[in-house]
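A short write-up of the structure that comes next.
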Amino acid sequence: MESICRLMALVNENMQGLVLFSHINRQGSLTAAAQLLGMSRSSVSKQLAALEKKSVQDYLIERLVKLY
């Protein structure tokens, strides 16, 4: 039973990451995705970085810095 609980937690964590990535991709920016999800841009960025590190060990999106 314990292994099933661990597996379900892993699936849930991966689904949350995929949903986050999907929102970023559809909205076109971290800022727009954060607004849609009711989160800060920083939080979305950190969660995306964690997903990239854990899942693919590479960047999923290109990050551009705006210079004013």
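The chains in the structure tokens are called A, B, ... from first to last as shown; in each chain the residues are counted from 1, and the ligands are counted from 1 in the order shown.
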
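The neighbours of region 45-52 of chain A here are the residues that come within 9 Å of it, using only C-alpha atoms and leaving out any residue fewer than 6 positions away in the same chain; they are A:Asn14, A:Gly17, A:Leu18, A:Leu20, A:Phe21, A:Leu30, A:Ala34, A:Asp58, A:Tyr59, A:Leu60.
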
Take the residues from that selection and write them out as a CSV table (one decimal), in the first residue's frame, keeping N, CA and C atoms.
chain,number,residue,atom,x,y,z
A,14,ASN,N,3.8,15.2,-11.0
A,14,ASN,CA,4.1,15.3,-12.5
A,14,ASN,C,2.9,16.0,-13.2
A,17,GLY,N,3.0,19.7,-12.7
A,17,GLY,CA,4.1,20.3,-13.5
A,17,GLY,C,3.6,20.4,-15.0
A,18,LEU,N,3.0,19.4,-15.5
A,18,LEU,CA,2.5,19.4,-16.9
A,18,LEU,C,1.4,20.5,-17.1
A,20,LEU,N,1.1,23.2,-15.3
A,20,LEU,CA,1.8,24.5,-15.3
A,20,LEU,C,2.5,24.8,-16.6
A,21,PHE,N,3.2,23.8,-17.2
A,21,PHE,CA,3.9,24.0,-18.5
A,21,PHE,C,2.9,24.3,-19.6
A,30,LEU,N,5.5,33.6,-18.8
A,30,LEU,CA,5.4,33.2,-17.4
A,30,LEU,C,4.5,34.2,-16.7
A,34,ALA,N,1.1,33.1,-14.8
A,34,ALA,CA,1.0,33.4,-13.4
A,34,ALA,C,-0.3,34.1,-13.0
A,58,ASP,N,16.8,19.7,-18.7
A,58,ASP,CA,17.1,20.7,-19.8
A,58,ASP,C,16.0,21.7,-19.7
A,59,TYR,N,16.1,22.8,-20.5
A,59,TYR,CA,15.1,23.9,-20.5
A,59,TYR,C,13.9,23.5,-21.4
A,60,LEU,N,12.7,23.7,-20.9
A,60,LEU,CA,11.5,23.4,-21.6
A,60,LEU,C,11.1,24.6,-22.4

Residues of chain A in helix (DSSP H, G or I) according to DSSP, as a short mmCIF file (atom, residue, chain, number, x, y, z; two decimals) with C-alpha atoms, in the first residue's frame?
data_model
loop_
_atom_site.label_atom_id
_atom_site.label_comp_id
_atom_site.auth_asym_id
_atom_site.auth_seq_id
_atom_site.Cartn_x
_atom_site.Cartn_y
_atom_site.Cartn_z
CA GLU A 2 2.86 2.37 0.78
CA SER A 3 4.32 1.98 -2.72
CA ILE A 4 0.94 2.81 -4.25
CA CYS A 5 0.77 6.01 -2.18
CA ARG A 6 4.27 7.01 -3.32
CA LEU A 7 3.37 6.30 -6.94
CA MET A 8 0.18 8.38 -6.69
CA ALA A 9 2.13 11.28 -5.13
CA LEU A 10 4.64 11.14 -8.00
CA VAL A 11 1.87 11.08 -10.61
CA ASN A 12 0.14 14.04 -8.93
CA GLU A 13 3.38 16.02 -8.80
CA ASN A 14 4.10 15.33 -12.47
CA MET A 15 0.54 16.28 -13.47
CA GLN A 16 0.85 19.60 -11.66
CA GLY A 17 4.07 20.29 -13.54
CA LEU A 18 2.49 19.41 -16.87
CA VAL A 19 -0.51 21.65 -16.17
CA LEU A 20 1.85 24.50 -15.26
CA PHE A 21 3.87 23.98 -18.46
CA SER A 22 0.69 23.81 -20.51
CA HIS A 23 -0.52 27.16 -19.13
CA ILE A 24 2.85 28.80 -19.80
CA ASN A 25 2.87 27.45 -23.33
CA ARG A 26 -0.71 28.54 -24.10
CA GLN A 27 -0.39 31.98 -22.51
CA LEU A 30 5.41 33.21 -17.41
CA THR A 31 3.73 36.45 -16.36
CA ALA A 32 0.48 35.71 -18.21
CA ALA A 33 0.42 32.14 -16.91
CA ALA A 34 1.03 33.39 -13.37
CA GLN A 35 -1.87 35.83 -13.63
CA LEU A 36 -4.16 33.10 -14.94
CA LEU A 37 -3.14 30.73 -12.15
CA ARG A 41 5.70 35.14 -11.64
CA SER A 42 8.55 34.13 -9.33
CA SER A 43 6.61 31.12 -8.06
CA VAL A 44 5.77 29.98 -11.58
CA SER A 45 9.41 30.39 -12.61
CA LYS A 46 10.64 28.35 -9.63
CA GLN A 47 8.12 25.57 -10.25
CA LEU A 48 9.08 25.45 -13.93
CA ALA A 49 12.78 25.25 -13.04
CA ALA A 50 12.06 22.39 -10.63
CA LEU A 51 10.09 20.56 -13.34
CA GLU A 52 12.94 21.05 -15.83
CA LYS A 53 15.53 19.80 -13.35
CA LYS A 54 13.53 16.80 -12.22
CA SER A 55 11.95 15.70 -15.48
CA VAL A 56 14.07 16.54 -18.48
#
